[in-house]
Amino acid sequence: MREAIELIKNAQSGVVFTGAGVSVESGIPPFTGAGGLWNKYDPKFIELDFFYQNPAKSWEEMKKIFFTCMGQARPNKAHEVIAQLEKTKKFQGVITQNIDGLHQAAGSKNVQEFHGTIHQMHCIQCARRYDTAQVDLTQNPPVCKCGGVLKPDFVFYGEGINPRVYSESETMAISADVMIIVGTAGQVMPACSLPLVAKQYGTRIIEVNLQPSAYTDGVSDFYFEQKATAFFAEVEKYL
Ligand code: ZN
């Protein structure tokens, strides 16, 4: 741990790469694994084709999961310390696979939301953009002023990653001297390739997960088997 803390303290362009495990401690269930959303719900309702054909049905399910549970969640110690790392200027910011907006809620400024966000949406007819907070979610499906259906700005199955976010994330990963991987098993393409890219460019990798991941052997220089909040509470002592 001491060696990893030294790396973090001496970082000049660090990056944090987060997944569902960070938000679990804020009460947001992960998609896969034990207690995962896809054990309870059918992922087809956020397939792009299904959404276009059945927007009302898709929205009914999305509201239950994303806009009730995620909308009420609060950031935890991990989100808070990650935001502090950025304030020290030793870290560039965070690349997250989460769509809950909790990094921003904790004060992070440079947040690459690799899979988009629940906090914004756009009209599929006229592309007008909305903050989710302005949208009347009691309508089903929620619609634009023009009458077009609104689609949340998170990445659906069958939808590509926003090219700007992809390229910004890659640039951050490549230029990072230290990357902390937290709460992700490294199984969702193409997000999972970012630590591999970083590694190729000489980035030191610190991994924090509850169980070994695709990174543990071969990619990670340090592996801490613990909760994200426990790890970052320790890091905070040395900031
Ligand atoms: Zn519209």
# chains A, B, ... in the order shown; residues from 1 in each chain; ligands from 1
>>> residues_around(residues="A:Glu170", least_positions_apart="6", cutoff="9 Å", atoms="only C-alpha atoms", output="list in words")
Leu194, Val197 and Ala198 of chain A
>>> residues_near_ligand(ligand="ligand 1", cutoff="12 Å", atoms="only C-alpha atoms and all ligand atoms", output="PyMOL selection string")
chain A and resi 121-130+142-151
>>> select_by_dssp(residues="stretch 40-168 of chain A", states="alpha helix (DSSP H)", output="NGL selection string")
:A and (40 or 48-53 or 55-62 or 71-72 or 77-87 or 102-105 or 163-168)
>>> atom_distance(atom1="atom CA of A:Gly158", atom2="atom CA of A:Leu48")
5.7 Å
>>> residues_around(residues="stretch 89-94 of chain A", least_positions_apart="5", cutoff="6 Å", atoms="only C-alpha atoms", output="list in words")
Ala11, Gln12, Ser13, Gly14, Val15, Val16, Phe17, Asn110 and Val111 of chain A
>>> write_last_selection(atoms="N, CA and C atoms", output="mmCIF file, in the first residue's frame")
data_model
loop_
_atom_site.group_PDB
_atom_site.id
_atom_site.type_symbol
_atom_site.label_atom_id
_atom_site.label_comp_id
_atom_site.auth_asym_id
_atom_site.auth_seq_id
_atom_site.Cartn_x
_atom_site.Cartn_y
_atom_site.Cartn_z
ATOM 1 N N ALA A 11 2.191 11.528 -8.514
ATOM 2 C CA ALA A 11 1.662 11.534 -9.886
ATOM 3 C C ALA A 11 1.670 12.945 -10.454
ATOM 4 N N GLN A 12 1.807 13.029 -11.768
ATOM 5 C CA GLN A 12 1.747 14.340 -12.434
ATOM 6 C C GLN A 12 0.599 14.405 -13.427
ATOM 7 N N SER A 13 0.165 13.246 -13.893
ATOM 8 C CA SER A 13 -0.916 13.231 -14.889
ATOM 9 C C SER A 13 -1.766 11.977 -14.698
ATOM 10 N N GLY A 14 -2.057 11.682 -13.436
ATOM 11 C CA GLY A 14 -2.811 10.463 -13.128
ATOM 12 C C GLY A 14 -4.221 10.488 -13.689
ATOM 13 N N VAL A 15 -4.780 9.294 -13.811
ATOM 14 C CA VAL A 15 -6.150 9.132 -14.283
ATOM 15 C C VAL A 15 -6.811 8.056 -13.432
ATOM 16 N N VAL A 16 -8.092 8.245 -13.120
ATOM 17 C CA VAL A 16 -8.855 7.197 -12.446
ATOM 18 C C VAL A 16 -9.840 6.625 -13.456
ATOM 19 N N PHE A 17 -9.940 5.312 -13.490
ATOM 20 C CA PHE A 17 -10.845 4.634 -14.425
ATOM 21 C C PHE A 17 -11.846 3.839 -13.600
ATOM 22 N N ASN A 110 -13.233 17.163 -14.753
ATOM 23 C CA ASN A 110 -12.918 16.478 -16.005
ATOM 24 C C ASN A 110 -13.373 15.021 -15.909
ATOM 25 N N VAL A 111 -14.599 14.786 -16.368
ATOM 26 C CA VAL A 111 -15.180 13.452 -16.294
ATOM 27 C C VAL A 111 -15.510 12.990 -17.708
#
>>> residues_around(residues="A:Ser26", least_positions_apart="5", cutoff="12 Å", atoms="only C-alpha atoms", output="list in words")
Ala20, Gly21, Cys69, Met70, Gly71, Gln72, Ala73, Arg74, Pro75, Asn76, Lys77, Ala78, His79, Glu80, Asp100, Gly101, Leu102, His103, Ala106, Lys227, Ala228 and Thr229 of chain A
>>> select_by_dssp(residues="stretch 8-227 of chain A", states="strand (DSSP E)", output="JSON, numbers by chain")
{"A": [14, 15, 16, 17, 18, 91, 92, 93, 94, 95, 96, 111, 112, 113, 116, 117, 118, 119, 120, 121, 122, 123, 129, 130, 131, 150, 151, 152, 153, 154, 178, 179, 180, 181, 182, 204, 205, 206, 207, 208, 209, 222, 223, 224, 225]}
>>> closest_residue(among="A:Thr18, A:Thr216, A:Ser167, A:Gln84", to="A:Ile99", atoms="only C-alpha atoms")
A:Thr18
>>> closest_residue(among="A:Ser193, A:Ser58, A:Gln226, A:Gln187", to="A:Ala214", atoms="only C-alpha atoms")
A:Gln187
>>> residues_around(residues="A:Glu159", least_positions_apart="3", cutoff="9 Å", atoms="only C-alpha atoms", output="MDAnalysis selection string")
chainID A and resid 47:48 155:156
>>> write_last_selection(atoms="N, CA, C and O atoms", output="CSV table (one decimal), in the first residue's frame")
chain,number,residue,atom,x,y,z
A,47,GLU,N,-31.9,-1.9,-25.9
A,47,GLU,CA,-31.3,-2.1,-27.2
A,47,GLU,C,-31.8,-1.0,-28.1
A,47,GLU,O,-33.0,-0.7,-28.0
A,48,LEU,N,-30.9,-0.5,-28.9
A,48,LEU,CA,-31.3,0.7,-29.8
A,48,LEU,C,-32.5,0.3,-30.6
A,48,LEU,O,-33.5,1.1,-30.7
A,155,VAL,N,-25.3,5.2,-23.5
A,155,VAL,CA,-25.1,4.4,-24.7
A,155,VAL,C,-25.9,3.1,-24.6
A,155,VAL,O,-25.8,2.4,-23.6
A,156,PHE,N,-26.8,2.9,-25.5
A,156,PHE,CA,-27.6,1.8,-25.6
A,156,PHE,C,-26.9,0.6,-26.2
A,156,PHE,O,-25.9,0.8,-26.8
>>> atom_distance(atom1="atom CA of A:Lys199", atom2="atom CA of A:Ala185")
16.5 Å
>>> closest_residue(among="A:Ile95, A:Val24, A:Ile205, A:Ile82", to="A:Val165", atoms="only C-alpha atoms")
A:Ile95
>>> decode(residues="stretch 37-70 of chain A", atoms="N, CA, C and O atoms", output="compact mmCIF listing (two decimals), in the first residue's frame")
# COMPACT_ATOMS: atom_id res chain seq x y z
N LEU A 37 -28.60 -5.87 -12.31
CA LEU A 37 -29.88 -5.48 -12.90
C LEU A 37 -30.36 -6.48 -13.95
O LEU A 37 -31.55 -6.72 -14.09
N TRP A 38 -29.41 -7.07 -14.67
CA TRP A 38 -29.84 -7.97 -15.75
C TRP A 38 -30.27 -9.35 -15.26
O TRP A 38 -30.68 -10.19 -16.02
N ASN A 39 -30.17 -9.56 -13.95
CA ASN A 39 -30.79 -10.75 -13.39
C ASN A 39 -32.28 -10.50 -13.17
O ASN A 39 -33.08 -11.42 -13.09
N LYS A 40 -32.62 -9.22 -13.05
CA LYS A 40 -33.97 -8.85 -12.68
C LYS A 40 -34.74 -8.30 -13.88
O LYS A 40 -35.95 -8.48 -14.01
N TYR A 41 -34.02 -7.57 -14.74
CA TYR A 41 -34.67 -6.94 -15.89
C TYR A 41 -34.09 -7.48 -17.18
O TYR A 41 -32.97 -7.97 -17.20
N ASP A 42 -34.86 -7.36 -18.24
CA ASP A 42 -34.41 -7.80 -19.55
C ASP A 42 -33.64 -6.67 -20.23
O ASP A 42 -34.19 -5.59 -20.43
N PRO A 43 -32.35 -6.90 -20.53
CA PRO A 43 -31.56 -5.81 -21.13
C PRO A 43 -32.06 -5.36 -22.50
O PRO A 43 -31.62 -4.34 -23.00
N LYS A 44 -33.01 -6.09 -23.09
CA LYS A 44 -33.44 -5.72 -24.44
C LYS A 44 -34.09 -4.33 -24.49
O LYS A 44 -34.09 -3.68 -25.52
N PHE A 45 -34.61 -3.87 -23.36
CA PHE A 45 -35.30 -2.58 -23.40
C PHE A 45 -34.35 -1.41 -23.58
O PHE A 45 -34.79 -0.29 -23.84
N ILE A 46 -33.04 -1.64 -23.44
CA ILE A 46 -32.13 -0.58 -23.84
C ILE A 46 -31.28 -1.00 -25.05
O ILE A 46 -30.17 -0.53 -25.24
N GLU A 47 -31.86 -1.86 -25.86
CA GLU A 47 -31.26 -2.10 -27.18
C GLU A 47 -31.81 -1.00 -28.09
O GLU A 47 -32.99 -0.68 -28.05
N LEU A 48 -30.95 -0.48 -28.91
CA LEU A 48 -31.34 0.65 -29.75
C LEU A 48 -32.54 0.33 -30.65
O LEU A 48 -33.48 1.12 -30.73
N ASP A 49 -32.52 -0.82 -31.29
CA ASP A 49 -33.62 -1.18 -32.20
C ASP A 49 -34.94 -1.30 -31.44
O ASP A 49 -35.97 -0.81 -31.89
N PHE A 50 -34.87 -1.94 -30.26
CA PHE A 50 -36.08 -2.11 -29.46
C PHE A 50 -36.65 -0.75 -29.06
O PHE A 50 -37.85 -0.50 -29.15
N PHE A 51 -35.77 0.16 -28.67
CA PHE A 51 -36.19 1.50 -28.25
C PHE A 51 -36.92 2.22 -29.39
O PHE A 51 -37.98 2.81 -29.20
N TYR A 52 -36.35 2.19 -30.58
CA TYR A 52 -36.98 2.89 -31.71
C TYR A 52 -38.34 2.29 -32.05
O TYR A 52 -39.25 2.99 -32.42
N GLN A 53 -38.46 0.97 -31.86
CA GLN A 53 -39.74 0.33 -32.20
C GLN A 53 -40.76 0.41 -31.08
O GLN A 53 -41.96 0.43 -31.34
N ASN A 54 -40.27 0.44 -29.83
CA ASN A 54 -41.19 0.44 -28.67
C ASN A 54 -40.77 1.48 -27.63
O ASN A 54 -40.44 1.13 -26.50
N PRO A 55 -40.77 2.76 -28.01
CA PRO A 55 -40.25 3.76 -27.07
C PRO A 55 -40.99 3.80 -25.73
O PRO A 55 -40.37 3.96 -24.68
N ALA A 56 -42.31 3.60 -25.76
CA ALA A 56 -43.08 3.69 -24.51
C ALA A 56 -42.71 2.54 -23.57
O ALA A 56 -42.48 2.74 -22.38
N LYS A 57 -42.61 1.35 -24.12
CA LYS A 57 -42.26 0.16 -23.32
C LYS A 57 -40.84 0.32 -22.75
O LYS A 57 -40.58 0.05 -21.58
N SER A 58 -39.94 0.77 -23.61
CA SER A 58 -38.56 0.96 -23.20
C SER A 58 -38.47 2.00 -22.08
O SER A 58 -37.80 1.78 -21.07
N TRP A 59 -39.18 3.10 -22.26
CA TRP A 59 -39.16 4.17 -21.26
C TRP A 59 -39.75 3.73 -19.92
O TRP A 59 -39.26 4.11 -18.85
N GLU A 60 -40.79 2.92 -19.98
CA GLU A 60 -41.42 2.43 -18.75
C GLU A 60 -40.39 1.70 -17.88
O GLU A 60 -40.30 1.91 -16.68
N GLU A 61 -39.60 0.85 -18.52
CA GLU A 61 -38.57 0.09 -17.81
C GLU A 61 -37.42 1.00 -17.36
O GLU A 61 -36.92 0.88 -16.25
N MET A 62 -37.01 1.89 -18.25
CA MET A 62 -35.88 2.78 -17.92
C MET A 62 -36.19 3.63 -16.71
O MET A 62 -35.33 3.88 -15.87
N LYS A 63 -37.43 4.09 -16.61
CA LYS A 63 -37.79 4.95 -15.47
C LYS A 63 -37.64 4.18 -14.17
O LYS A 63 -37.14 4.71 -13.18
N LYS A 64 -38.09 2.92 -14.18
CA LYS A 64 -38.01 2.09 -12.97
C LYS A 64 -36.58 2.00 -12.48
O LYS A 64 -36.30 2.13 -11.30
N ILE A 65 -35.66 1.73 -13.39
CA ILE A 65 -34.28 1.49 -12.99
C ILE A 65 -33.47 2.76 -12.88
O ILE A 65 -33.02 3.14 -11.81
N PHE A 66 -33.29 3.41 -14.01
CA PHE A 66 -32.31 4.48 -14.06
C PHE A 66 -32.78 5.75 -13.37
O PHE A 66 -32.03 6.41 -12.69
N PHE A 67 -34.03 6.10 -13.60
CA PHE A 67 -34.43 7.43 -13.18
C PHE A 67 -35.04 7.45 -11.79
O PHE A 67 -35.33 8.50 -11.26
N THR A 68 -35.24 6.30 -11.19
CA THR A 68 -35.70 6.30 -9.80
C THR A 68 -34.50 6.05 -8.91
O THR A 68 -34.07 6.94 -8.17
N CYS A 69 -33.91 4.88 -9.07
CA CYS A 69 -32.79 4.49 -8.20
C CYS A 69 -31.56 5.37 -8.39
O CYS A 69 -31.01 5.91 -7.44
N MET A 70 -31.14 5.58 -9.63
CA MET A 70 -29.92 6.36 -9.85
C MET A 70 -30.12 7.83 -9.55
O MET A 70 -29.22 8.51 -9.09
